[in-house]
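Listing of target_31.cif, mmCIF, C-alpha atoms and all ligand atoms
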```cif
data_protein
#
loop_
_atom_site.group_PDB
_atom_site.id
_atom_site.type_symbol
_atom_site.label_atom_id
_atom_site.label_comp_id
_atom_site.auth_asym_id
_atom_site.auth_seq_id
_atom_site.Cartn_x
_atom_site.Cartn_y
_atom_site.Cartn_z
ATOM 1 C CA MET I 19 -163.257 22.946 -50.287
ATOM 2 C CA ILE I 20 -160.123 24.998 -49.752
ATOM 3 C CA ALA I 21 -157.221 23.729 -51.808
ATOM 4 C CA ILE I 22 -153.951 23.938 -49.932
ATOM 5 C CA HIS I 23 -151.028 24.044 -52.279
ATOM 6 C CA PHE I 24 -147.660 22.992 -50.917
ATOM 7 C CA ASN I 25 -144.738 23.870 -53.066
ATOM 8 C CA PHE I 26 -142.659 20.779 -52.330
ATOM 9 C CA ILE I 27 -140.004 21.820 -54.809
ATOM 10 C CA ALA I 28 -139.243 24.935 -52.786
ATOM 11 C CA TYR I 29 -138.312 22.684 -49.857
ATOM 12 C CA MET I 30 -135.960 20.531 -51.904
ATOM 13 C CA LYS I 31 -132.751 20.086 -49.914
ATOM 14 C CA LYS I 32 -129.193 19.211 -50.866
ATOM 15 C CA THR I 33 -128.033 15.759 -49.771
ATOM 16 C CA THR I 34 -124.668 14.391 -50.962
ATOM 17 C CA GLN I 35 -122.287 16.545 -52.998
ATOM 18 C CA LEU I 36 -121.978 14.870 -56.384
ATOM 19 C CA TYR I 37 -119.331 17.051 -57.930
ATOM 20 C CA GLU I 38 -117.390 20.282 -57.481
ATOM 21 C CA GLY I 39 -116.413 22.113 -60.631
ATOM 22 C CA LYS I 40 -114.607 25.405 -61.231
ATOM 23 C CA ALA I 41 -117.671 27.608 -60.819
ATOM 24 C CA LYS I 42 -120.343 25.332 -59.389
ATOM 25 C CA LYS I 43 -121.050 22.511 -56.994
ATOM 26 C CA VAL I 44 -123.698 19.932 -57.776
ATOM 27 C CA PHE I 45 -125.675 18.175 -55.041
ATOM 28 C CA LEU I 46 -128.033 15.221 -55.092
ATOM 29 C CA THR I 47 -131.485 15.661 -53.551
ATOM 30 C CA ASP I 48 -134.070 13.260 -52.137
ATOM 31 C CA ASP I 49 -135.517 13.030 -55.645
ATOM 32 C CA ALA I 50 -133.258 10.865 -57.831
ATOM 33 C CA ASP I 51 -134.255 12.906 -60.878
ATOM 34 C CA LEU I 52 -133.281 16.286 -59.435
ATOM 35 C CA VAL I 53 -129.980 17.940 -58.494
ATOM 36 C CA ILE I 54 -129.110 21.355 -57.071
ATOM 37 C CA GLN I 55 -126.460 23.470 -58.789
ATOM 38 C CA GLU I 56 -124.783 25.905 -56.380
ATOM 39 C CA PHE I 57 -123.099 28.845 -58.107
ATOM 40 C CA LYS I 58 -119.755 29.864 -56.563
ATOM 41 C CA ASP I 59 -117.744 33.084 -56.775
ATOM 42 C CA ASP I 60 -114.568 31.212 -57.807
ATOM 43 C CA ALA I 61 -113.270 32.105 -61.236
ATOM 44 C CA THR I 62 -110.706 30.305 -63.357
ATOM 45 C CA ALA I 63 -109.312 30.965 -66.798
ATOM 46 C CA PHE I 64 -106.873 29.420 -69.243
ATOM 47 C CA ASN I 65 -107.807 25.912 -68.078
ATOM 48 C CA ASN I 66 -107.202 26.596 -64.384
ATOM 49 C CA LYS I 67 -103.850 28.374 -64.858
ATOM 50 C CA LYS I 68 -105.395 31.630 -63.605
ATOM 51 C CA LYS I 69 -107.479 31.447 -60.444
ATOM 52 C CA GLY I 70 -109.378 34.073 -58.500
ATOM 53 C CA SER I 71 -112.740 35.116 -57.267
ATOM 54 C CA ILE I 72 -115.358 37.582 -58.486
ATOM 55 C CA ALA I 73 -117.486 39.038 -55.675
ATOM 56 C CA GLU I 74 -121.140 37.906 -55.859
ATOM 57 C CA LYS I 75 -120.545 36.198 -59.229
ATOM 58 C CA GLY I 76 -122.477 33.117 -58.093
ATOM 59 C CA VAL I 77 -125.556 35.177 -57.286
ATOM 60 C CA VAL I 78 -125.362 37.109 -60.563
ATOM 61 C CA ASN I 79 -124.758 34.021 -62.734
ATOM 62 C CA ASN I 80 -127.613 32.107 -61.087
ATOM 63 C CA ALA I 81 -129.971 35.027 -61.729
ATOM 64 C CA ILE I 82 -128.875 35.459 -65.355
ATOM 65 C CA SER I 83 -128.893 31.724 -66.130
ATOM 66 C CA SER I 84 -132.307 31.205 -64.531
ATOM 67 C CA LYS I 85 -133.768 34.005 -66.635
ATOM 68 C CA LEU I 86 -132.173 32.711 -69.856
ATOM 69 C CA PHE I 87 -133.231 29.091 -69.279
ATOM 70 C CA THR I 88 -136.796 30.314 -68.646
ATOM 71 C CA LEU I 89 -136.674 32.332 -71.877
ATOM 72 C CA LEU I 90 -135.406 29.316 -73.847
ATOM 73 C CA GLU I 91 -138.012 26.974 -72.313
ATOM 74 C CA SER I 92 -140.774 29.406 -73.248
ATOM 75 C CA ASN I 93 -139.464 29.262 -76.821
ATOM 76 C CA GLY I 94 -139.553 25.466 -77.007
ATOM 77 C CA ILE I 95 -135.916 24.670 -76.090
ATOM 78 C CA ARG I 96 -135.830 21.927 -73.452
ATOM 79 C CA THR I 97 -133.355 22.578 -70.639
ATOM 80 C CA HIS I 98 -132.410 21.033 -67.288
ATOM 81 C CA PHE I 99 -133.758 24.097 -65.444
ATOM 82 C CA VAL I 100 -136.580 23.457 -62.964
ATOM 83 C CA GLU I 101 -136.547 26.409 -60.572
ATOM 84 C CA LYS I 102 -134.303 29.040 -58.996
ATOM 85 C CA LEU I 103 -134.334 28.052 -55.313
ATOM 86 C CA SER I 104 -132.315 30.853 -53.747
ATOM 87 C CA ASP I 105 -129.581 33.378 -54.529
ATOM 88 C CA ARG I 106 -127.029 30.707 -55.375
ATOM 89 C CA ASP I 107 -129.042 27.510 -55.826
ATOM 90 C CA MET I 108 -130.778 26.248 -58.943
ATOM 91 C CA LEU I 109 -132.899 23.100 -59.050
ATOM 92 C CA CYS I 110 -132.166 21.078 -62.186
ATOM 93 C CA ARG I 111 -132.965 17.757 -63.793
ATOM 94 C CA PHE I 112 -130.200 15.181 -63.378
ATOM 95 C CA LEU I 113 -128.444 14.816 -66.734
ATOM 96 C CA ASP I 114 -126.058 12.276 -68.140
ATOM 97 C CA ILE I 115 -123.686 14.996 -69.385
ATOM 98 C CA ILE I 116 -122.437 14.645 -72.958
ATOM 99 C CA LYS I 117 -118.689 15.314 -72.874
ATOM 100 C CA VAL I 118 -118.836 17.848 -75.690
ATOM 101 C CA GLU I 119 -118.636 21.633 -75.344
ATOM 102 C CA VAL I 120 -120.537 23.333 -78.149
ATOM 103 C CA VAL I 121 -119.252 26.832 -78.935
ATOM 104 C CA VAL I 122 -121.259 29.204 -81.154
ATOM 105 C CA ARG I 123 -119.561 32.277 -82.616
ATOM 106 C CA ASN I 124 -121.147 35.364 -84.176
ATOM 107 C CA ILE I 125 -118.110 37.666 -83.992
ATOM 108 C CA ALA I 126 -114.434 36.654 -84.027
ATOM 109 C CA ALA I 127 -112.767 36.698 -80.603
ATOM 110 C CA GLY I 128 -110.720 34.517 -78.260
ATOM 111 C CA SER I 129 -109.368 31.264 -79.636
ATOM 112 C CA LEU I 130 -110.855 31.899 -83.100
ATOM 113 C CA VAL I 131 -108.545 34.903 -83.443
ATOM 114 C CA LYS I 132 -105.552 32.987 -82.082
ATOM 115 C CA ARG I 133 -106.101 29.821 -84.068
ATOM 116 C CA TYR I 134 -107.130 31.161 -87.477
ATOM 117 C CA GLY I 135 -105.866 34.756 -87.570
ATOM 118 C CA PHE I 136 -109.237 36.536 -87.790
ATOM 119 C CA SER I 137 -109.118 40.144 -86.616
ATOM 120 C CA GLU I 138 -110.980 40.470 -83.347
ATOM 121 C CA GLY I 139 -114.440 41.900 -84.010
ATOM 122 C CA THR I 140 -114.889 40.471 -87.518
ATOM 123 C CA VAL I 141 -118.600 39.788 -87.935
ATOM 124 C CA LEU I 142 -119.143 36.213 -89.100
ATOM 125 C CA GLU I 143 -121.827 36.207 -91.772
ATOM 126 C CA ASN I 144 -122.697 32.614 -90.877
ATOM 127 C CA PRO I 145 -122.367 31.711 -87.206
ATOM 128 C CA ILE I 146 -119.617 29.136 -86.616
ATOM 129 C CA VAL I 147 -120.428 26.126 -84.421
ATOM 130 C CA GLU I 148 -117.435 24.283 -82.957
ATOM 131 C CA LEU I 149 -117.140 21.119 -80.865
ATOM 132 C CA TYR I 150 -114.601 20.694 -78.084
ATOM 133 C CA LEU I 151 -113.911 17.553 -76.079
ATOM 134 C CA LYS I 152 -114.801 18.199 -72.429
ATOM 135 C CA ASN I 153 -111.558 16.961 -70.877
ATOM 136 C CA ASP I 154 -109.459 19.253 -68.638
ATOM 137 C CA ASP I 155 -106.426 16.930 -68.745
ATOM 138 C CA LEU I 156 -106.281 17.380 -72.516
ATOM 139 C CA ASP I 157 -107.094 21.135 -72.387
ATOM 140 C CA ASP I 158 -110.519 20.638 -74.052
ATOM 141 C CA PRO I 159 -109.232 20.050 -77.608
ATOM 142 C CA LEU I 160 -111.195 21.215 -80.685
ATOM 143 C CA MET I 161 -112.664 18.206 -82.487
ATOM 144 C CA ASN I 162 -115.044 17.258 -85.268
ATOM 145 C CA GLU I 163 -117.981 14.848 -85.279
ATOM 146 C CA ALA I 164 -115.828 11.858 -86.304
ATOM 147 C CA HIS I 165 -113.492 12.436 -83.341
ATOM 148 C CA ALA I 166 -116.443 12.632 -80.941
ATOM 149 C CA VAL I 167 -118.000 9.429 -82.304
ATOM 150 C CA ALA I 168 -114.636 7.576 -82.344
ATOM 151 C CA LEU I 169 -114.099 8.628 -78.715
ATOM 152 C CA GLY I 170 -117.548 7.288 -77.855
ATOM 153 C CA VAL I 171 -118.748 10.562 -76.322
ATOM 154 C CA ALA I 172 -121.780 10.946 -78.610
ATOM 155 C CA THR I 173 -123.437 9.496 -81.705
ATOM 156 C CA PHE I 174 -123.696 11.288 -85.068
ATOM 157 C CA GLU I 175 -127.449 11.643 -84.448
ATOM 158 C CA GLU I 176 -126.871 13.265 -81.049
ATOM 159 C CA LEU I 177 -124.266 15.639 -82.506
ATOM 160 C CA ALA I 178 -126.725 16.720 -85.204
ATOM 161 C CA VAL I 179 -129.258 17.509 -82.469
ATOM 162 C CA LEU I 180 -126.625 19.468 -80.497
ATOM 163 C CA LYS I 181 -125.707 21.548 -83.545
ATOM 164 C CA ASN I 182 -129.329 22.320 -84.476
ATOM 165 C CA ARG I 183 -130.189 23.137 -80.882
ATOM 166 C CA ALA I 184 -127.136 25.414 -80.562
ATOM 167 C CA GLU I 185 -128.140 27.315 -83.721
ATOM 168 C CA ALA I 186 -131.719 27.750 -82.491
ATOM 169 C CA ILE I 187 -130.481 28.963 -79.100
ATOM 170 C CA ASN I 188 -128.146 31.413 -80.834
ATOM 171 C CA MET I 189 -131.032 32.965 -82.813
ATOM 172 C CA LEU I 190 -133.096 33.455 -79.647
ATOM 173 C CA LEU I 191 -130.256 34.774 -77.488
ATOM 174 C CA LYS I 192 -128.833 37.095 -80.165
ATOM 175 C CA THR I 193 -132.174 38.866 -80.448
ATOM 176 C CA PHE I 194 -132.702 38.925 -76.681
ATOM 177 C CA PHE I 195 -129.294 40.524 -76.053
ATOM 178 C CA ALA I 196 -129.544 42.959 -78.975
ATOM 179 C CA GLU I 197 -132.731 44.315 -77.356
ATOM 180 C CA ARG I 198 -130.615 44.899 -74.246
ATOM 181 C CA LYS I 199 -127.873 46.680 -76.192
ATOM 182 C CA LEU I 200 -125.433 43.791 -75.955
ATOM 183 C CA LYS I 201 -123.696 41.942 -78.777
ATOM 184 C CA LEU I 202 -123.595 38.188 -78.225
ATOM 185 C CA VAL I 203 -120.074 37.547 -79.525
ATOM 186 C CA ASP I 204 -119.760 33.842 -78.698
ATOM 187 C CA PHE I 205 -120.819 31.335 -76.063
ATOM 188 C CA LYS I 206 -120.413 27.761 -74.869
ATOM 189 C CA LEU I 207 -123.191 25.259 -74.260
ATOM 190 C CA GLU I 208 -123.321 21.828 -72.655
ATOM 191 C CA PHE I 209 -126.037 19.244 -73.116
ATOM 192 C CA GLY I 210 -127.036 16.014 -71.405
ATOM 193 C CA ARG I 211 -129.249 12.996 -71.841
ATOM 194 C CA HIS I 212 -132.440 12.698 -69.779
ATOM 195 C CA ASN I 213 -135.174 10.056 -70.399
ATOM 196 C CA GLN I 214 -134.533 9.619 -74.174
ATOM 197 C CA GLU I 215 -134.280 13.373 -74.614
ATOM 198 C CA ILE I 216 -131.368 15.773 -74.960
ATOM 199 C CA LEU I 217 -131.617 18.799 -72.657
ATOM 200 C CA LEU I 218 -129.509 21.947 -72.436
ATOM 201 C CA GLY I 219 -127.512 21.900 -69.181
ATOM 202 C CA ASP I 220 -124.839 23.859 -67.297
ATOM 203 C CA GLU I 221 -125.290 27.658 -67.256
ATOM 204 C CA ILE I 222 -125.481 30.654 -69.596
ATOM 205 C CA SER I 223 -123.714 33.628 -68.033
ATOM 206 C CA PRO I 224 -120.847 36.115 -68.488
ATOM 207 C CA ASP I 225 -118.581 33.180 -67.505
ATOM 208 C CA THR I 226 -119.624 31.208 -70.584
ATOM 209 C CA CYS I 227 -120.511 33.952 -73.081
ATOM 210 C CA ARG I 228 -118.759 36.995 -74.520
ATOM 211 C CA PHE I 229 -120.875 40.154 -74.455
ATOM 212 C CA TRP I 230 -119.822 43.494 -75.926
ATOM 213 C CA ASP I 231 -121.740 46.720 -75.401
ATOM 214 C CA LEU I 232 -123.642 47.464 -78.611
ATOM 215 C CA GLU I 233 -122.465 51.061 -78.790
ATOM 216 C CA THR I 234 -118.985 51.095 -77.245
ATOM 217 C CA ASN I 235 -117.851 47.462 -77.817
ATOM 218 C CA GLU I 236 -116.762 47.431 -74.189
ATOM 219 C CA LYS I 237 -116.189 43.851 -72.998
ATOM 220 C CA MET I 238 -118.751 42.849 -70.361
ATOM 221 C CA ASP I 239 -117.816 39.265 -69.537
ATOM 222 C CA LYS I 240 -115.097 36.995 -68.173
ATOM 223 C CA ASP I 241 -112.504 38.514 -70.547
ATOM 224 C CA ARG I 242 -112.275 41.345 -67.978
ATOM 225 C CA PHE I 243 -111.023 38.744 -65.475
ATOM 226 C CA ARG I 244 -108.942 36.756 -68.005
ATOM 227 C CA PHE I 245 -106.990 39.835 -69.122
ATOM 228 C CA ASP I 246 -107.067 41.914 -65.902
ATOM 229 C CA LEU I 247 -109.120 44.680 -67.493
ATOM 230 C CA GLY I 248 -110.645 45.775 -64.163
ATOM 231 C CA GLY I 249 -114.321 46.445 -63.453
ATOM 232 C CA VAL I 250 -115.175 42.737 -63.499
ATOM 233 C CA GLU I 251 -117.944 42.876 -60.864
ATOM 234 C CA ASP I 252 -119.463 46.002 -62.427
ATOM 235 C CA ALA I 253 -119.581 44.370 -65.860
ATOM 236 C CA TYR I 254 -121.302 41.244 -64.496
ATOM 237 C CA SER I 255 -123.875 43.239 -62.574
ATOM 238 C CA GLU I 256 -124.555 45.493 -65.559
ATOM 239 C CA VAL I 257 -125.272 42.395 -67.680
ATOM 240 C CA GLN I 258 -127.581 41.169 -64.894
ATOM 241 C CA ARG I 259 -129.351 44.525 -64.803
ATOM 242 C CA ARG I 260 -129.943 44.537 -68.577
ATOM 243 C CA VAL I 261 -131.073 40.890 -68.597
ATOM 244 C CA LEU I 262 -133.478 41.215 -65.678
ATOM 245 C CA GLU I 263 -134.733 44.769 -65.787
ATOM 246 C CA LEU I 264 -136.007 44.977 -69.327
ATOM 247 C CA ASP I 265 -139.056 42.687 -69.319
HETATM 248 N N1 LIG J 301 -115.918 28.987 -73.047
HETATM 249 C C1 LIG J 301 -116.356 28.474 -71.838
HETATM 250 N N2 LIG J 301 -115.642 27.453 -71.262
HETATM 251 C C2 LIG J 301 -114.546 26.908 -71.836
HETATM 252 C C3 LIG J 301 -114.105 27.442 -73.064
HETATM 253 C C4 LIG J 301 -114.829 28.476 -73.637
HETATM 254 O O1 LIG J 301 -117.354 28.918 -71.292
HETATM 255 O O2 LIG J 301 -113.973 25.952 -71.271
HETATM 256 C C5 LIG J 301 -116.659 30.095 -73.676
HETATM 257 C C6 LIG J 301 -115.889 31.417 -73.609
HETATM 258 O O3 LIG J 301 -116.261 32.147 -72.467
HETATM 259 C C7 LIG J 301 -116.316 32.112 -74.863
HETATM 260 C C8 LIG J 301 -116.592 30.961 -75.860
HETATM 261 O O4 LIG J 301 -116.794 29.808 -75.051
HETATM 262 O O5 LIG J 301 -117.518 32.807 -74.666
HETATM 263 C C9 LIG J 301 -115.456 30.729 -76.824
HETATM 264 O O6 LIG J 301 -114.255 30.578 -76.116
HETATM 265 P P1 LIG J 301 -112.860 30.452 -76.882
HETATM 266 O O7 LIG J 301 -112.843 29.183 -77.676
HETATM 267 O O8 LIG J 301 -112.598 31.701 -77.626
HETATM 268 O O9 LIG J 301 -111.817 30.187 -75.754
HETATM 269 P P2 LIG J 301 -111.126 31.123 -74.691
HETATM 270 O O10 LIG J 301 -110.864 32.442 -75.313
HETATM 271 O O11 LIG J 301 -112.084 31.138 -73.566
HETATM 272 O O12 LIG J 301 -109.878 30.355 -74.399
#
```
Encoded form (structure tokens):
Amino acid sequence: MIAIHFNFIAYMKKTTQLYEGKAKKVFLTDDADLVIQEFKDDATAFNNKKKGSIAEKGVVNNAISSKLFTLLESNGIRTHFVEKLSDRDMLCRFLDIIKVEVVVRNIAAGSLVKRYGFSEGTVLENPIVELYLKNDDLDDPLMNEAHAVALGVATFEELAVLKNRAEAINMLLKTFFAERKLKLVDFKLEFGRHNQEILLGDEISPDTCRFWDLETNEKMDKDRFRFDLGGVEDAYSEVQRRVLELD
């Protein structure tokens, strides 16, 4: 008998728009368990105070994120990623998003420099994991576990899982990027609840990570947009090239 295999997932269509964020739209599908993330070219920085657009960013970030989620899944990290559907669309499991942004830092940059006076580029012997409340109206304030639990956004047990998961992801990604001659300076992760499990959500891209060239320390991420350094599109596509080409 000839087995005919229909890839139903590939035909998954967007229905109602659930949400529009700064860099992505999220759509419901006919399957209550699945959503489609559409990656946009819009770029914002400094909590929406700076707005613009980066040509083809959505396509690049979808490609990079899809590759990185696949890498993490193959190393035992559960994520919301199901399949890259097209240039800008990613099929994902529907998460109950935990309103905590988990930032992991290997090298001092950004708000760590501003807040604590580190010199930019200081290598942190032990990676620093920070928690921020995901709340634009409050400018995503830095918080600790007790704040998060008091606010009712997560339990202590969930926060312990988030921290362990973030550290494991950091180990995998640091090695992956070092092989591609990029330093993983810092990055932000978001997680969500799905059938009694916690899955990694959102995206992993030059919008949410800092990457510096291993040899020149050139910035190859959203800092080029934040600080008008020029060459934003080139930096994003060079990260894409290094992530996708070296397999
Ligand atoms: N980050 C992010 N979204 C945010 C805040 C931070 O993706 O809302 C990422 C940022 O790109 C960087 C890391 O998290 O890779 C640490 O950011 P930082 O706290 O230094 O803040 P920023 O300099 O972005 O204000």
Task: Site check for ligand LIG 301 (chain J): residues at most 7 Å away, only C-alpha atoms and all ligand atoms, as a PyMOL selection string - done: chain I and resi 64-65+121+127-130+158+204-206+225-228+240
Open item on the list: Using only C-alpha atoms and a cutoff of 10 Å, can you tell me which residues are near (-130.1, 14.3, -58.5) in the file's coordinates, and write them out as a ChimeraX atom specification?
Closed with: /I:32-36,44-55,109-113
Name every residue that the PyMOL selection byres (((chain I and resi 57) around 6) and not hetatm) selects in this structure, writing the answer as a PDB file with C-alpha atoms, in the coordinates of the input with chains first and numbers rising.
```pdb
ATOM      1  CA  LYS I  42    -120.343  25.332 -59.389  1.00  0.00           C
ATOM      2  CA  GLU I  56    -124.783  25.905 -56.380  1.00  0.00           C
ATOM      3  CA  LYS I  58    -119.755  29.864 -56.563  1.00  0.00           C
ATOM      4  CA  GLY I  76    -122.477  33.117 -58.093  1.00  0.00           C
ATOM      5  CA  ARG I 106    -127.029  30.707 -55.375  1.00  0.00           C
TER       6      ARG I 106
END
```
- [ ] Quick one: everything within 6 Å of Glu208 (chain I), counting all atoms listed in the file, minus sequence neighbours fewer than 4 positions away in the same chain. Send it as JSON, numbers by chain.
- [x] {"I": [119, 219, 220]}
Task: Computed interatomic separation between CA of Leu202 (chain I) and CA of Gly94 (chain I) (Å) - done: 20.4 Å
- [ ] Would you be able to write out as a VMD selection string which residues have an atom within 8 Å of (-129.5, 38.7, -71.1) in the file's coordinates, counting only C-alpha atoms?
- [x] chain I and resid 82 85 to 86 191 194 to 195 198 257 to 258 260 to 262
TODO: Evaluate the PyMOL selection byres (((chain I and resi 143) around 9) and not hetatm) on the structure here and hand back the selected residues as JSON, numbers by chain.
DONE: {"I": [124, 125, 141, 142, 144, 145]}
- [ ] Would you mind listing what lies within 7 Å of His212 (chain I) as a PyMOL selection string, with only C-alpha atoms counted and same-chain residues fewer than 4 positions away left out?
- [x] chain I and resi 113-114+216-217
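With CA of Lys192 (chain I) on one side and CA of Pro224 (chain I) on the other, the separation reads 14.2 Å.
Put simply, CA of Asp252 (chain I) is 8.6 Å away from CA of Met238 (chain I).
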Write out, as a tab-separated table, each residue of region 51-131 of chain I that has an atom at most 10 Å from region 149-153 of chain I, together with the closest pair of atoms and their distance in Å to one decimal, counting all atoms listed in the file, rows going by chain and rising number.
```
residue	atom	partner	partner_atom	distance
I:Ile115	CA	I:Lys152	CA	9.9
I:Ile116	CA	I:Lys152	CA	8.4
I:Lys117	CA	I:Lys152	CA	4.9
I:Val118	CA	I:Leu151	CA	4.9
I:Glu119	CA	I:Tyr150	CA	5.0
I:Val120	CA	I:Leu149	CA	4.9
I:Val121	CA	I:Leu149	CA	6.4
I:Val122	CA	I:Leu149	CA	9.1
```
Task: Expected selection from the PyMOL selection byres (((chain I and resi 104) around 10) and not hetatm), given as a list of chain:residue names - done: I:Ala28, I:Glu56, I:Val77, I:Asn80, I:Ala81, I:Glu101, I:Lys102, I:Leu103, I:Asp105, I:Arg106, I:Asp107, I:Met108, I:Leu109
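Here the question is which of I:Ala63, I:Ala166, I:Val203, I:Met30 gets nearest to Ile146 (chain I) using only C-alpha atoms, and that residue is I:Val203.
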From the coordinates supplied, region 196-207 of chain I should be written with N, CA and C atoms, as an mmCIF file, in the first residue's frame.
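The result, stored in decode00.cif:
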```
data_model
loop_
_atom_site.group_PDB
_atom_site.id
_atom_site.type_symbol
_atom_site.label_atom_id
_atom_site.label_comp_id
_atom_site.auth_asym_id
_atom_site.auth_seq_id
_atom_site.Cartn_x
_atom_site.Cartn_y
_atom_site.Cartn_z
ATOM 1 N N ALA I 196 30.332 30.774 19.978
ATOM 2 C CA ALA I 196 31.799 30.842 19.944
ATOM 3 C C ALA I 196 32.313 30.128 18.696
ATOM 4 N N GLU I 197 31.674 29.007 18.333
ATOM 5 C CA GLU I 197 32.072 28.272 17.126
ATOM 6 C C GLU I 197 31.839 29.101 15.865
ATOM 7 N N ARG I 198 30.998 30.102 15.983
ATOM 8 C CA ARG I 198 30.681 30.982 14.845
ATOM 9 C C ARG I 198 31.319 32.354 15.009
ATOM 10 N N LYS I 199 32.350 32.380 15.866
ATOM 11 C CA LYS I 199 33.167 33.586 16.073
ATOM 12 C C LYS I 199 32.343 34.777 16.577
ATOM 13 N N LEU I 200 31.379 34.451 17.441
ATOM 14 C CA LEU I 200 30.595 35.511 18.081
ATOM 15 C C LEU I 200 30.620 35.317 19.587
ATOM 16 N N LYS I 201 30.789 36.429 20.320
ATOM 17 C CA LYS I 201 30.663 36.377 21.776
ATOM 18 C C LYS I 201 29.209 36.623 22.125
ATOM 19 N N LEU I 202 28.644 35.741 22.949
ATOM 20 C CA LEU I 202 27.280 35.947 23.443
ATOM 21 C C LEU I 202 27.407 36.776 24.726
ATOM 22 N N VAL I 203 27.169 38.080 24.579
ATOM 23 C CA VAL I 203 27.394 39.018 25.692
ATOM 24 C C VAL I 203 26.283 38.885 26.732
ATOM 25 N N ASP I 204 25.049 39.018 26.278
ATOM 26 C CA ASP I 204 23.886 38.853 27.165
ATOM 27 C C ASP I 204 22.657 38.581 26.303
ATOM 28 N N PHE I 205 21.593 38.145 26.944
ATOM 29 C CA PHE I 205 20.352 37.883 26.200
ATOM 30 C C PHE I 205 19.183 37.790 27.152
ATOM 31 N N LYS I 206 17.987 37.929 26.564
ATOM 32 C CA LYS I 206 16.735 37.895 27.331
ATOM 33 C C LYS I 206 15.875 36.718 26.894
ATOM 34 N N LEU I 207 15.309 36.034 27.858
ATOM 35 C CA LEU I 207 14.434 34.894 27.557
ATOM 36 C C LEU I 207 13.060 35.100 28.188
#
```
